[in-house]
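K.L.:
input_37.txt is the file, holding compact mmCIF, C-alpha atoms and all ligand atoms:
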# COMPACT_ATOMS: atom_id res chain seq x y z
CA MET A 155 -39.80 -31.86 -53.95
CA LEU A 156 -37.16 -34.13 -52.42
CA LYS A 157 -38.51 -37.69 -52.33
CA LYS A 158 -38.45 -39.60 -49.06
CA SER A 159 -36.59 -42.94 -48.94
CA LEU A 160 -38.88 -45.71 -47.69
CA CYS A 161 -35.96 -47.91 -46.59
CA GLY A 162 -35.18 -46.76 -43.07
CA LEU A 163 -38.71 -45.65 -42.19
CA THR A 164 -40.83 -47.35 -39.52
CA ALA A 165 -44.42 -48.34 -40.33
CA ASP A 166 -45.56 -45.34 -38.22
CA GLU A 167 -43.39 -42.99 -40.28
CA ILE A 168 -44.79 -44.43 -43.52
CA PHE A 169 -48.28 -43.80 -42.12
CA ASP A 170 -47.27 -40.19 -41.34
CA LEU A 171 -46.43 -39.87 -45.05
CA ILE A 172 -49.64 -41.33 -46.45
CA GLY A 173 -52.16 -40.73 -43.63
CA PRO A 174 -52.88 -37.09 -44.59
CA SER A 175 -54.12 -38.34 -48.01
CA GLY A 176 -56.67 -40.59 -46.32
CA PHE A 177 -54.76 -43.88 -46.26
CA THR A 178 -54.65 -46.19 -43.27
CA VAL A 179 -52.15 -47.84 -40.92
CA ALA A 180 -52.90 -51.14 -42.71
CA HIS A 181 -51.74 -49.55 -45.99
CA ALA A 182 -48.53 -48.38 -44.27
CA VAL A 183 -47.88 -51.91 -42.95
CA THR A 184 -48.45 -53.37 -46.44
CA ILE A 185 -45.81 -50.97 -47.80
CA SER A 186 -43.29 -51.74 -45.04
CA ASN A 187 -43.85 -55.50 -45.41
CA SER A 188 -43.37 -55.24 -49.17
CA ILE A 189 -40.05 -53.39 -48.85
CA TYR A 190 -38.56 -55.15 -45.84
CA LYS A 191 -39.95 -58.69 -46.06
CA LYS A 192 -40.86 -59.29 -49.70
CA LYS A 193 -37.96 -57.16 -51.00
CA ILE A 194 -40.19 -55.42 -53.57
CA PHE A 195 -38.22 -52.31 -54.44
CA ASP A 196 -40.33 -51.08 -57.36
CA ILE A 197 -43.13 -49.04 -55.78
CA SER A 198 -45.45 -49.70 -58.73
CA GLN A 199 -45.28 -53.45 -57.92
CA ILE A 200 -46.48 -53.09 -54.31
CA LYS A 201 -50.05 -54.37 -53.95
CA ILE A 202 -51.84 -51.22 -52.79
CA PRO A 203 -54.73 -49.19 -54.27
CA GLY A 204 -53.80 -47.38 -57.50
CA ARG A 205 -54.41 -43.96 -55.96
CA LEU A 206 -51.90 -44.78 -53.20
CA THR A 207 -49.33 -46.05 -55.75
CA ASN A 208 -49.58 -42.75 -57.66
CA GLU A 209 -49.35 -40.73 -54.45
CA LEU A 210 -46.35 -42.77 -53.21
CA LEU A 211 -44.50 -42.47 -56.53
CA LYS A 212 -44.81 -38.67 -56.22
CA ILE A 213 -43.45 -38.41 -52.67
CA ALA A 214 -41.15 -41.40 -52.12
CA ASN A 215 -38.64 -43.84 -53.56
CA SER A 216 -37.58 -47.23 -52.22
CA GLY A 217 -34.24 -45.89 -50.98
CA ILE A 218 -32.56 -49.13 -52.04
CA ASN A 219 -28.98 -48.64 -53.15
CA PHE A 220 -27.18 -51.67 -54.62
CA PRO A 221 -23.51 -52.45 -53.90
CA LEU A 222 -20.85 -51.17 -56.30
CA SER A 223 -18.56 -54.19 -56.15
CA CYS A 224 -17.88 -57.43 -54.33
CA GLU A 225 -15.10 -59.89 -53.53
CA VAL A 226 -15.64 -63.58 -52.88
CA SER A 227 -13.42 -65.40 -50.40
CA ALA A 228 -12.15 -68.99 -50.75
CA ASP A 229 -14.63 -69.93 -47.97
CA ASN A 230 -17.53 -68.24 -49.85
CA THR A 231 -17.66 -65.22 -47.59
CA ILE A 232 -18.59 -62.21 -49.75
CA LYS A 233 -17.54 -58.63 -49.09
CA TYR A 234 -19.60 -55.83 -50.66
CA LEU A 235 -18.66 -52.22 -51.23
CA PHE A 236 -21.41 -49.61 -50.84
CA ARG A 237 -21.33 -45.85 -51.36
CA THR A 238 -23.66 -43.32 -49.77
CA GLU A 239 -25.33 -40.59 -51.85
CA THR A 240 -22.74 -38.19 -50.45
CA GLY A 241 -19.86 -40.39 -51.65
CA LYS A 242 -18.83 -42.14 -48.44
CA ASP A 243 -17.70 -45.74 -48.87
CA PHE A 244 -18.36 -48.60 -46.47
CA GLU A 245 -18.35 -52.39 -46.54
CA THR A 246 -20.67 -55.25 -45.69
CA VAL A 247 -19.79 -58.93 -45.31
CA TYR A 248 -22.09 -61.88 -46.03
CA ILE A 249 -21.06 -65.12 -44.31
CA PRO A 250 -22.93 -68.24 -45.49
CA GLU A 251 -22.76 -71.31 -43.25
CA LYS A 252 -24.55 -74.66 -43.09
CA LYS A 253 -27.19 -73.70 -40.56
CA ARG A 254 -27.16 -69.92 -40.66
CA ASN A 255 -26.32 -67.03 -42.95
CA THR A 256 -24.92 -63.97 -41.23
CA ILE A 257 -24.59 -60.45 -42.54
CA CYS A 258 -22.02 -58.21 -40.90
CA ILE A 259 -23.08 -54.59 -41.39
CA SER A 260 -21.41 -51.22 -40.97
CA THR A 261 -22.78 -48.29 -38.98
CA GLN A 262 -20.28 -45.64 -40.08
CA SER A 263 -17.99 -44.92 -43.00
CA GLY A 264 -14.64 -45.28 -41.22
CA CYS A 265 -14.45 -44.93 -37.46
CA ARG A 266 -13.14 -42.41 -34.95
CA MET A 267 -12.32 -44.80 -32.10
CA GLY A 268 -8.73 -45.35 -33.28
CA CYS A 269 -8.21 -48.91 -32.02
CA SER A 270 -4.66 -49.74 -32.99
CA TYR A 271 -5.27 -53.29 -34.23
CA CYS A 272 -8.10 -52.26 -36.56
CA VAL A 273 -7.62 -51.25 -40.19
CA THR A 274 -10.94 -49.35 -40.20
CA GLY A 275 -9.72 -47.29 -37.25
CA ARG A 276 -6.57 -46.35 -39.12
CA SER A 277 -8.48 -45.16 -42.18
CA GLY A 278 -10.16 -42.29 -40.31
CA PHE A 279 -13.79 -41.22 -39.94
CA LYS A 280 -15.97 -40.12 -42.89
CA GLY A 281 -19.41 -40.04 -41.29
CA ASN A 282 -22.37 -41.82 -39.71
CA LEU A 283 -24.64 -44.00 -41.82
CA THR A 284 -28.35 -43.19 -41.82
CA VAL A 285 -30.94 -45.76 -40.70
CA GLY A 286 -31.75 -46.39 -44.37
CA GLU A 287 -28.07 -46.95 -45.25
CA ILE A 288 -27.74 -49.43 -42.36
CA ILE A 289 -30.87 -51.42 -43.31
CA ASN A 290 -30.09 -51.20 -47.05
CA GLN A 291 -26.99 -53.40 -46.50
CA ILE A 292 -29.28 -56.31 -45.56
CA LEU A 293 -31.83 -55.74 -48.33
CA ALA A 294 -29.62 -54.89 -51.31
CA ILE A 295 -27.28 -57.88 -51.47
CA PRO A 296 -28.15 -60.76 -53.84
CA ASP A 297 -28.53 -63.18 -50.86
CA ALA A 298 -30.92 -60.90 -48.94
CA GLU A 299 -33.61 -63.61 -48.79
CA ARG A 300 -31.20 -66.03 -47.07
CA VAL A 301 -30.03 -63.79 -44.21
CA THR A 302 -30.87 -65.32 -40.81
CA HIS A 303 -28.49 -63.43 -38.50
CA VAL A 304 -27.33 -59.80 -38.38
CA VAL A 305 -24.19 -58.58 -36.61
CA PHE A 306 -23.27 -54.91 -36.27
CA MET A 307 -19.54 -55.64 -36.50
CA GLY A 308 -18.57 -53.96 -39.77
CA MET A 309 -17.09 -50.48 -40.06
CA GLY A 310 -17.69 -48.06 -37.22
CA GLU A 311 -18.58 -48.07 -33.55
CA PRO A 312 -22.36 -48.62 -33.24
CA MET A 313 -22.60 -46.73 -29.93
CA ASP A 314 -21.14 -43.68 -31.71
CA ASN A 315 -24.23 -43.67 -33.98
CA LEU A 316 -26.62 -45.02 -31.39
CA ASP A 317 -29.95 -43.41 -32.38
CA ASN A 318 -29.67 -44.76 -35.92
CA VAL A 319 -28.47 -48.17 -34.70
CA MET A 320 -31.36 -48.51 -32.21
CA LYS A 321 -33.89 -47.56 -34.88
CA ALA A 322 -32.28 -49.98 -37.35
CA CYS A 323 -32.51 -52.75 -34.71
CA SER A 324 -36.22 -52.04 -34.26
CA ILE A 325 -36.85 -52.23 -38.03
CA ILE A 326 -34.81 -55.46 -38.33
CA THR A 327 -36.74 -57.16 -35.50
CA ALA A 328 -40.26 -55.71 -36.02
CA GLU A 329 -43.09 -57.86 -37.34
CA TRP A 330 -43.84 -55.12 -39.93
CA GLY A 331 -40.09 -54.94 -40.71
CA LEU A 332 -37.53 -57.62 -41.54
CA SER A 333 -38.95 -59.82 -38.77
CA ILE A 334 -35.58 -61.29 -37.72
CA SER A 335 -35.60 -62.45 -34.10
CA SER A 336 -33.72 -60.14 -31.69
CA ARG A 337 -31.89 -63.29 -30.52
CA ASN A 338 -30.26 -63.36 -33.98
CA VAL A 339 -29.13 -59.72 -33.94
CA THR A 340 -25.88 -58.73 -32.19
CA VAL A 341 -24.48 -55.24 -31.76
CA SER A 342 -20.76 -54.97 -31.06
CA THR A 343 -19.00 -52.19 -29.13
CA VAL A 344 -15.56 -51.26 -27.83
CA GLY A 345 -17.33 -49.84 -24.81
CA ILE A 346 -19.00 -46.42 -24.71
CA LEU A 347 -20.65 -46.64 -21.31
CA PRO A 348 -23.66 -44.28 -21.78
CA GLY A 349 -24.43 -45.95 -25.13
CA VAL A 350 -24.20 -49.45 -23.65
CA GLU A 351 -26.60 -48.43 -20.85
CA LEU A 352 -29.13 -47.01 -23.33
CA PHE A 353 -28.77 -50.02 -25.61
CA LEU A 354 -29.25 -52.59 -22.83
CA ASN A 355 -32.41 -50.84 -21.62
CA GLY A 356 -33.85 -49.84 -24.99
CA SER A 357 -33.27 -52.89 -27.18
CA GLY A 358 -33.75 -56.64 -26.93
CA CYS A 359 -30.80 -57.45 -29.22
CA ASN A 360 -27.56 -59.12 -28.12
CA LEU A 361 -24.49 -57.15 -27.09
CA ALA A 362 -20.83 -58.08 -27.72
CA LEU A 363 -18.12 -56.07 -25.97
CA SER A 364 -14.58 -56.11 -27.42
CA LEU A 365 -12.19 -56.59 -24.53
CA TYR A 366 -8.64 -57.15 -25.86
CA SER A 367 -7.15 -57.19 -22.33
CA PRO A 368 -8.63 -57.41 -18.83
CA PHE A 369 -5.86 -55.05 -17.63
CA PRO A 370 -6.77 -51.34 -18.02
CA GLU A 371 -3.22 -50.12 -18.74
CA GLU A 372 -2.79 -52.67 -21.55
CA ARG A 373 -6.24 -52.00 -22.94
CA LYS A 374 -5.62 -48.23 -23.07
CA GLN A 375 -2.67 -48.84 -25.41
CA ILE A 376 -4.91 -50.62 -27.92
CA ILE A 377 -8.41 -49.23 -27.37
CA PRO A 378 -8.16 -45.51 -26.55
CA VAL A 379 -11.80 -45.24 -25.38
CA GLU A 380 -10.68 -47.14 -22.25
CA ASN A 381 -9.30 -43.80 -21.01
CA GLN A 382 -12.81 -42.33 -20.99
CA TYR A 383 -14.92 -45.37 -20.16
CA PRO A 384 -13.14 -48.10 -18.16
CA VAL A 385 -14.23 -51.46 -19.49
CA ARG A 386 -14.57 -52.90 -16.00
CA LYS A 387 -17.48 -50.54 -15.33
CA ILE A 388 -19.16 -51.82 -18.49
CA ILE A 389 -18.55 -55.44 -17.53
CA GLU A 390 -20.07 -54.73 -14.08
CA LEU A 391 -23.10 -53.23 -15.83
CA MET A 392 -23.42 -56.31 -18.05
CA LYS A 393 -22.97 -58.67 -15.09
CA ASN A 394 -25.69 -56.97 -13.07
CA PHE A 395 -28.13 -56.44 -15.93
CA ARG A 396 -31.18 -58.69 -15.69
CA VAL A 397 -31.02 -60.44 -19.03
CA LYS A 398 -34.27 -61.66 -20.54
CA LYS A 399 -34.36 -65.28 -21.67
CA LYS A 400 -32.14 -66.06 -24.66
CA ARG A 401 -30.69 -62.53 -24.90
CA ARG A 402 -26.92 -62.87 -25.01
CA LEU A 403 -24.32 -60.54 -23.53
CA SER A 404 -20.78 -61.52 -24.52
CA LEU A 405 -17.15 -60.45 -24.51
CA ALA A 406 -15.14 -60.70 -27.73
CA TYR A 407 -11.55 -61.61 -26.88
CA VAL A 408 -9.20 -61.38 -29.89
CA MET A 409 -6.17 -63.48 -28.99
CA LEU A 410 -2.61 -62.37 -29.79
CA ARG A 411 0.36 -64.61 -29.18
CA GLY A 412 2.38 -63.55 -26.14
CA LEU A 413 0.42 -60.35 -25.67
CA ASN A 414 -2.93 -61.24 -24.14
CA ASP A 415 -2.86 -65.04 -24.01
CA THR A 416 -0.77 -65.57 -20.87
CA ASP A 417 -1.83 -67.32 -17.65
CA ARG A 418 -1.97 -63.89 -16.01
CA HIS A 419 -4.59 -62.75 -18.56
CA LEU A 420 -6.58 -65.95 -18.17
CA GLU A 421 -6.69 -65.67 -14.38
CA GLU A 422 -7.78 -62.01 -14.58
CA LEU A 423 -10.49 -62.87 -17.12
CA LYS A 424 -11.81 -65.55 -14.79
CA SER A 425 -11.69 -63.20 -11.83
CA ILE A 426 -13.65 -60.36 -13.49
CA LEU A 427 -16.30 -62.69 -14.95
CA LYS A 428 -16.76 -64.98 -11.93
CA GLY A 429 -20.40 -65.73 -11.20
CA SER A 430 -21.76 -63.99 -14.30
CA SER A 431 -23.62 -65.28 -17.33
CA VAL A 432 -21.54 -63.13 -19.71
CA ARG A 433 -20.13 -65.39 -22.43
CA VAL A 434 -16.57 -65.17 -23.79
CA ASN A 435 -16.03 -65.54 -27.55
CA LEU A 436 -12.36 -66.22 -28.30
CA LEU A 437 -11.32 -64.96 -31.74
CA PRO A 438 -8.15 -65.45 -33.79
CA TYR A 439 -6.19 -62.29 -34.59
CA HIS A 440 -5.85 -61.24 -38.25
CA ALA A 441 -2.49 -59.68 -38.88
CA THR A 442 -2.12 -56.93 -41.49
CA PRO A 443 0.92 -56.90 -43.85
CA ASP A 444 2.96 -54.38 -41.79
CA ASP A 445 2.11 -56.12 -38.52
CA GLN A 446 4.58 -57.91 -36.22
CA ASN A 447 1.80 -59.49 -34.12
CA CYS A 448 0.25 -62.87 -34.79
CA SER A 449 -2.68 -64.86 -33.54
CA SER A 450 -2.50 -67.23 -30.60
CA SER A 451 -2.33 -70.90 -31.58
CA LEU A 452 -5.48 -73.00 -31.72
CA GLU A 453 -4.10 -75.06 -28.79
CA LYS A 454 -3.79 -71.90 -26.70
CA MET A 455 -7.30 -70.82 -27.62
CA GLN A 456 -8.62 -74.25 -26.69
CA PHE A 457 -6.75 -74.08 -23.37
CA PHE A 458 -8.40 -70.70 -22.62
CA LYS A 459 -11.80 -72.04 -23.57
CA HIS A 460 -11.49 -75.17 -21.46
CA SER A 461 -10.14 -73.28 -18.48
CA LEU A 462 -12.95 -70.69 -18.62
CA ILE A 463 -15.61 -73.38 -18.93
CA ILE A 464 -14.39 -75.40 -15.94
CA SER A 465 -14.44 -72.14 -13.97
CA GLY A 466 -18.15 -71.82 -14.75
CA ILE A 467 -17.77 -69.21 -17.51
CA SER A 468 -19.43 -69.89 -20.84
CA ALA A 469 -16.85 -69.73 -23.66
CA SER A 470 -16.46 -70.60 -27.33
CA ILE A 471 -13.91 -70.26 -30.13
CA ARG A 472 -15.07 -68.38 -33.20
CA LYS A 473 -13.87 -69.39 -36.64
CA SER A 474 -12.14 -66.93 -38.90
CA ARG A 475 -14.02 -66.16 -42.14
CA GLY A 476 -13.03 -64.17 -45.21
CA SER A 477 -9.52 -63.20 -44.10
CA ASP A 478 -8.13 -63.69 -47.67
CA ILE A 479 -10.35 -60.82 -48.91
CA SER A 480 -9.82 -58.62 -45.81
CA ALA A 481 -13.37 -59.30 -44.70
CA ALA A 482 -12.46 -60.68 -41.29
CA CYS A 483 -12.87 -58.85 -38.00
CA GLY A 484 -10.91 -55.57 -37.91
CA LEU A 485 -9.81 -55.74 -41.55
CA LEU A 486 -12.52 -53.69 -43.30
CA ALA A 487 -11.03 -50.64 -44.94
CA VAL A 488 -12.66 -50.29 -48.36
CA GLY A 489 -10.31 -52.33 -50.50
CA THR A 490 -10.72 -53.09 -54.17
CA GLY A 491 -13.71 -55.25 -54.90
CA ARG A 492 -14.86 -56.81 -58.14
CA ASP A 493 -17.24 -54.66 -60.11
CA LEU A 494 -20.70 -56.25 -59.73
CA SER A 495 -21.61 -55.33 -63.28
CA LEU A 496 -18.91 -57.81 -64.40
CA LEU A 497 -20.47 -60.74 -62.56
S1 LIG B 501 -12.34 -51.95 -33.67
FE1 LIG B 501 -14.37 -51.10 -34.06
S2 LIG B 501 -14.41 -49.29 -32.73
FE2 LIG B 501 -12.24 -49.85 -32.92
S3 LIG B 501 -11.50 -48.61 -34.67
FE3 LIG B 501 -12.18 -50.61 -35.47
S4 LIG B 501 -14.28 -50.28 -36.16
FE4 LIG B 501 -13.74 -48.61 -34.76
Kindly present the structure from the file in structure tokens form.
Ligand code: SF4
P.N.:
Amino acid sequence: MLKKSLCGLTADEIFDLIGPSGFTVAHAVTISNSIYKKKIFDISQIKIPGRLTNELLKIANSGINFPLSCEVSADNTIKYLFRTETGKDFETVYIPEKKRNTICISTQSGCRMGCSYCVTGRSGFKGNLTVGEIINQILAIPDAERVTHVVFMGMGEPMDNLDNVMKACSIITAEWGLSISSRNVTVSTVGILPGVELFLNGSGCNLALSLYSPFPEERKQIIPVENQYPVRKIIELMKNFRVKKKRRLSLAYVMLRGLNDTDRHLEELKSILKGSSVRVNLLPYHATPDDQNCSSSLEKMQFFKHSLIISGISASIRKSRGSDISAACGLLAVGTGRDLSLL
């Protein structure tokens, strides 16, 4: 019999597994708490009745799959390489900071959105990650206990694997799950309108929309999904959505010198966001070796930030992390990591 992986199951689904043998919801919650919160991956170590341990060992395994390799950046950002059981590779980035520790997780191996500035997009699409493979990235790294924030900004477009992403969000935020506040979980998208609508209504987690340019014709050149789902419709949806307290809807604006950092772009940004609570996160661009483009200067980014703020639009500049190990935004493409067995 094929054993069921516990990682990726809700407490209800664990109960469905053990309930027919006479065990209770409380037993199911003890198992989910042990896996997700206490990080106990050896079923025989979970504090449950012996009969349940024996039963569980027959029908399930933890589903925890450790990374194959890692690379450590000069700023202590760590990039991990994982492989699915079917041989698909994907990467996860751990970003330690003074007051928070963020894990950037993947939702797909590769991506089919084809955004021209993104290395992941250029490497093609291998497949969706399961709920267990998404959650496993948070549990299986050595710093799992220290993770305070989760961002779905690794490989893949989360809205292209929405059912698994929504279920992963519910496990991450549930009391019986990882118990991380939904305010500390952000899902990023290039803008698949039906997915964004479902996500806004079905989850309490934050949303970050990658804009690149406020002008549709320019955006189409870089983010092909603009042809199908105009970003302005998504921004309208975000502007009119009644956001519950502390939930954050934001635009990620990667800044490229001379391309999208002109006064014309700034004025258009201000015009489309006027009167909304949508926040703008300004990000430096990370050039790849064969790339002619470069990031806007810090002065230019500060000018954008200041100008947006005095126009009543919330804005911030995000720091670049892990660019020397290709772990920064848009650079994940399964490079060569250091074998973890050598550490
Ligand atoms: S930017 Fe995101 S959606 Fe676009 S190709 Fe890269 S991973 Fe996919």
K.L.:
Could you give me, as number ranges by chain, the residues within 12 Å of Ala298 (chain A), counting all atoms listed in the file and dropping anything in the same chain fewer than 4 positions from it?
P.N.:
A: 189-194, 220, 247-250, 255-257, 289-294, 302-304, 332
K.L.:
Give the residues close to ligand LIG 501 (chain B), within 6 Å, counting only C-alpha atoms and all ligand atoms; write them as a PyMOL selection string.
P.N.:
chain A and resi 265+267-269+272+274-275+309-311+344+484
K.L.:
Rank A:Met307, A:Ser175, A:Ser159, A:Asn447 by their smallest atom-to-atom distance to Phe195 (chain A), using all atoms listed in the file, and report the top residue only.
P.N.:
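Looking only at the distances to Phe195 (chain A), the closest residue turns out to be A:Ser159.
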K.L.:
Mind checking which residues fall within 12 Å of region 351-356 of chain A, counting only C-alpha atoms, ignoring those fewer than 2 positions away in the same chain, and posting them as a VMD selection string?
P.N.:
chain A and resid 312 to 321 323 to 324 340 to 343 345 to 349 358 to 362 387 to 398 401 to 403
K.L.:
For a cutoff of 10 Å around the file-coordinate point (-4.5, -55.4, -22.4), which residues qualify once you count only C-alpha atoms? I'd like the result as a ChimeraX atom specification.
P.N.:
/A:365-377,413-415,419
K.L.:
Restricting the calculation to all atoms listed in the file: of A:Lys473, A:Pro203, A:Gly412, A:His460, which residue gets closest to Gln446 (chain A)?
P.N.:
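Using all atoms listed in the file, Gln446 (chain A) sits closest to A:Gly412.
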K.L.:
What is the distance between CA of Phe457 (chain A) and CA of Glu422 (chain A), in Å to one decimal?
P.N.:
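Taking CA of Phe457 (chain A) and CA of Glu422 (chain A), their separation equals 15.0 Å.
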K.L.:
Just to confirm, what's the straight-line distance from CA of Lys424 (chain A) to CA of Ser270 (chain A) in Å (one decimal)?
P.N.:
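Answer for the CA of Lys424 (chain A) to CA of Ser270 (chain A) separation: 25.1 Å.
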K.L.:
Might you pull out every residue within 10 Å of Gly429 (chain A), with all atoms listed in the file counted and same-chain residues fewer than 2 positions away left off, and present them as a list in words?
P.N.:
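Result of the neighbour search: Lys393, Lys424, Ser425, Ile426, Leu427, Ser431, Val432, Ser465, Gly466 and Ile467 of chain A.
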K.L.:
By how many Å are CA of Val339 (chain A) and CA of Ala441 (chain A) apart?
P.N.:
27.1 Å
K.L.:
Applying 12 Å and all atoms listed in the file, which residues near region 170-173 of chain A remain after dropping the ones on its own chain fewer than 5 positions away? List them as a ChimeraX atom specification.
P.N.:
/A:157-160,163-165,178-183,185,202,205-214
K.L.:
Kindly indicate which residue among A:Lys252, A:Ala406, A:Ser449, A:Phe169 lies nearest to Asn435 (chain A), using only C-alpha atoms for the distances.
P.N.:
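Distance minimum relative to Asn435 (chain A) lands on A:Ala406.
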K.L.:
Counting only C-alpha atoms, figure out which residue out of A:Gly278, A:Pro378, A:Gly264, A:Pro296 gets nearest to Ser223 (chain A).
P.N.:
A:Pro296
K.L.:
Just need the box for region 421-427 of chain A, edges along x, y and z, holding every atom the file lists for it with 5 Å tacked onto each side, so centre and edge lengths in Å to one decimal, as AutoDock Vina command-line options.
P.N.:
--center_x -11.5 --center_y -63.0 --center_z -14.5 --size_x 19.6 --size_y 15.3 --size_z 15.3
K.L.:
For Asp297 (chain A), which of A:Leu222, A:Ile232, A:Ile464, A:Val379 is the closest residue, counting all atoms listed in the file?
P.N.:
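Between A:Leu222, A:Ile232, A:Ile464, A:Val379, the residue approaching Asp297 (chain A) most closely is A:Ile232.
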K.L.:
Tell me which of A:Ser364, A:Ser461, A:Asn215, A:Asn338 sits closest to Cys258 (chain A), counting all atoms listed in the file.
P.N.:
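Under the stated criterion, the closest residue is A:Asn338.
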K.L.:
Regenerate region 446-459 of chain A at the level of N, CA, C and O atoms and dump it as a PDB file, keeping the file's coordinate frame.
P.N.:
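Below is the file rebuild_18.pdb, written as the result:
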ATOM      1  N   GLN A 446       3.664 -56.926 -36.829  1.00  0.00           N
ATOM      2  CA  GLN A 446       4.580 -57.910 -36.220  1.00  0.00           C
ATOM      3  C   GLN A 446       3.796 -58.943 -35.380  1.00  0.00           C
ATOM      4  O   GLN A 446       4.309 -60.007 -35.065  1.00  0.00           O
ATOM      5  N   ASN A 447       2.565 -58.604 -35.006  1.00  0.00           N
ATOM      6  CA  ASN A 447       1.800 -59.490 -34.120  1.00  0.00           C
ATOM      7  C   ASN A 447       1.221 -60.665 -34.882  1.00  0.00           C
ATOM      8  O   ASN A 447       0.987 -60.588 -36.078  1.00  0.00           O
ATOM      9  N   CYS A 448       0.946 -61.750 -34.158  1.00  0.00           N
ATOM     10  CA  CYS A 448       0.250 -62.870 -34.790  1.00  0.00           C
ATOM     11  C   CYS A 448      -0.737 -63.486 -33.808  1.00  0.00           C
ATOM     12  O   CYS A 448      -0.687 -63.230 -32.601  1.00  0.00           O
ATOM     13  N   SER A 449      -1.617 -64.282 -34.368  1.00  0.00           N
ATOM     14  CA  SER A 449      -2.680 -64.860 -33.540  1.00  0.00           C
ATOM     15  C   SER A 449      -2.138 -65.925 -32.602  1.00  0.00           C
ATOM     16  O   SER A 449      -1.127 -66.582 -32.883  1.00  0.00           O
ATOM     17  N   SER A 450      -2.815 -66.112 -31.495  1.00  0.00           N
ATOM     18  CA  SER A 450      -2.500 -67.230 -30.600  1.00  0.00           C
ATOM     19  C   SER A 450      -2.775 -68.529 -31.348  1.00  0.00           C
ATOM     20  O   SER A 450      -3.593 -68.559 -32.280  1.00  0.00           O
ATOM     21  N   SER A 451      -2.122 -69.601 -30.925  1.00  0.00           N
ATOM     22  CA  SER A 451      -2.330 -70.900 -31.580  1.00  0.00           C
ATOM     23  C   SER A 451      -3.710 -71.445 -31.200  1.00  0.00           C
ATOM     24  O   SER A 451      -4.298 -71.035 -30.190  1.00  0.00           O
ATOM     25  N   LEU A 452      -4.190 -72.365 -32.015  1.00  0.00           N
ATOM     26  CA  LEU A 452      -5.480 -73.000 -31.720  1.00  0.00           C
ATOM     27  C   LEU A 452      -5.418 -73.725 -30.371  1.00  0.00           C
ATOM     28  O   LEU A 452      -6.372 -73.689 -29.585  1.00  0.00           O
ATOM     29  N   GLU A 453      -4.256 -74.338 -30.074  1.00  0.00           N
ATOM     30  CA  GLU A 453      -4.100 -75.060 -28.790  1.00  0.00           C
ATOM     31  C   GLU A 453      -4.285 -74.083 -27.629  1.00  0.00           C
ATOM     32  O   GLU A 453      -4.962 -74.377 -26.655  1.00  0.00           O
ATOM     33  N   LYS A 454      -3.681 -72.902 -27.772  1.00  0.00           N
ATOM     34  CA  LYS A 454      -3.790 -71.900 -26.700  1.00  0.00           C
ATOM     35  C   LYS A 454      -5.239 -71.441 -26.548  1.00  0.00           C
ATOM     36  O   LYS A 454      -5.746 -71.284 -25.440  1.00  0.00           O
ATOM     37  N   MET A 455      -5.903 -71.264 -27.676  1.00  0.00           N
ATOM     38  CA  MET A 455      -7.300 -70.820 -27.620  1.00  0.00           C
ATOM     39  C   MET A 455      -8.165 -71.901 -26.959  1.00  0.00           C
ATOM     40  O   MET A 455      -9.055 -71.595 -26.160  1.00  0.00           O
ATOM     41  N   GLN A 456      -7.851 -73.158 -27.296  1.00  0.00           N
ATOM     42  CA  GLN A 456      -8.620 -74.250 -26.690  1.00  0.00           C
ATOM     43  C   GLN A 456      -8.349 -74.338 -25.182  1.00  0.00           C
ATOM     44  O   GLN A 456      -9.253 -74.602 -24.396  1.00  0.00           O
ATOM     45  N   PHE A 457      -7.102 -74.067 -24.799  1.00  0.00           N
ATOM     46  CA  PHE A 457      -6.750 -74.080 -23.370  1.00  0.00           C
ATOM     47  C   PHE A 457      -7.551 -72.990 -22.637  1.00  0.00           C
ATOM     48  O   PHE A 457      -8.120 -73.226 -21.556  1.00  0.00           O
ATOM     49  N   PHE A 458      -7.617 -71.793 -23.215  1.00  0.00           N
ATOM     50  CA  PHE A 458      -8.400 -70.700 -22.620  1.00  0.00           C
ATOM     51  C   PHE A 458      -9.868 -71.116 -22.480  1.00  0.00           C
ATOM     52  O   PHE A 458     -10.484 -70.940 -21.445  1.00  0.00           O
ATOM     53  N   LYS A 459     -10.382 -71.660 -23.566  1.00  0.00           N
ATOM     54  CA  LYS A 459     -11.800 -72.040 -23.570  1.00  0.00           C
ATOM     55  C   LYS A 459     -12.093 -73.066 -22.471  1.00  0.00           C
ATOM     56  O   LYS A 459     -13.016 -72.887 -21.661  1.00  0.00           O
TER      57      LYS A 459
END
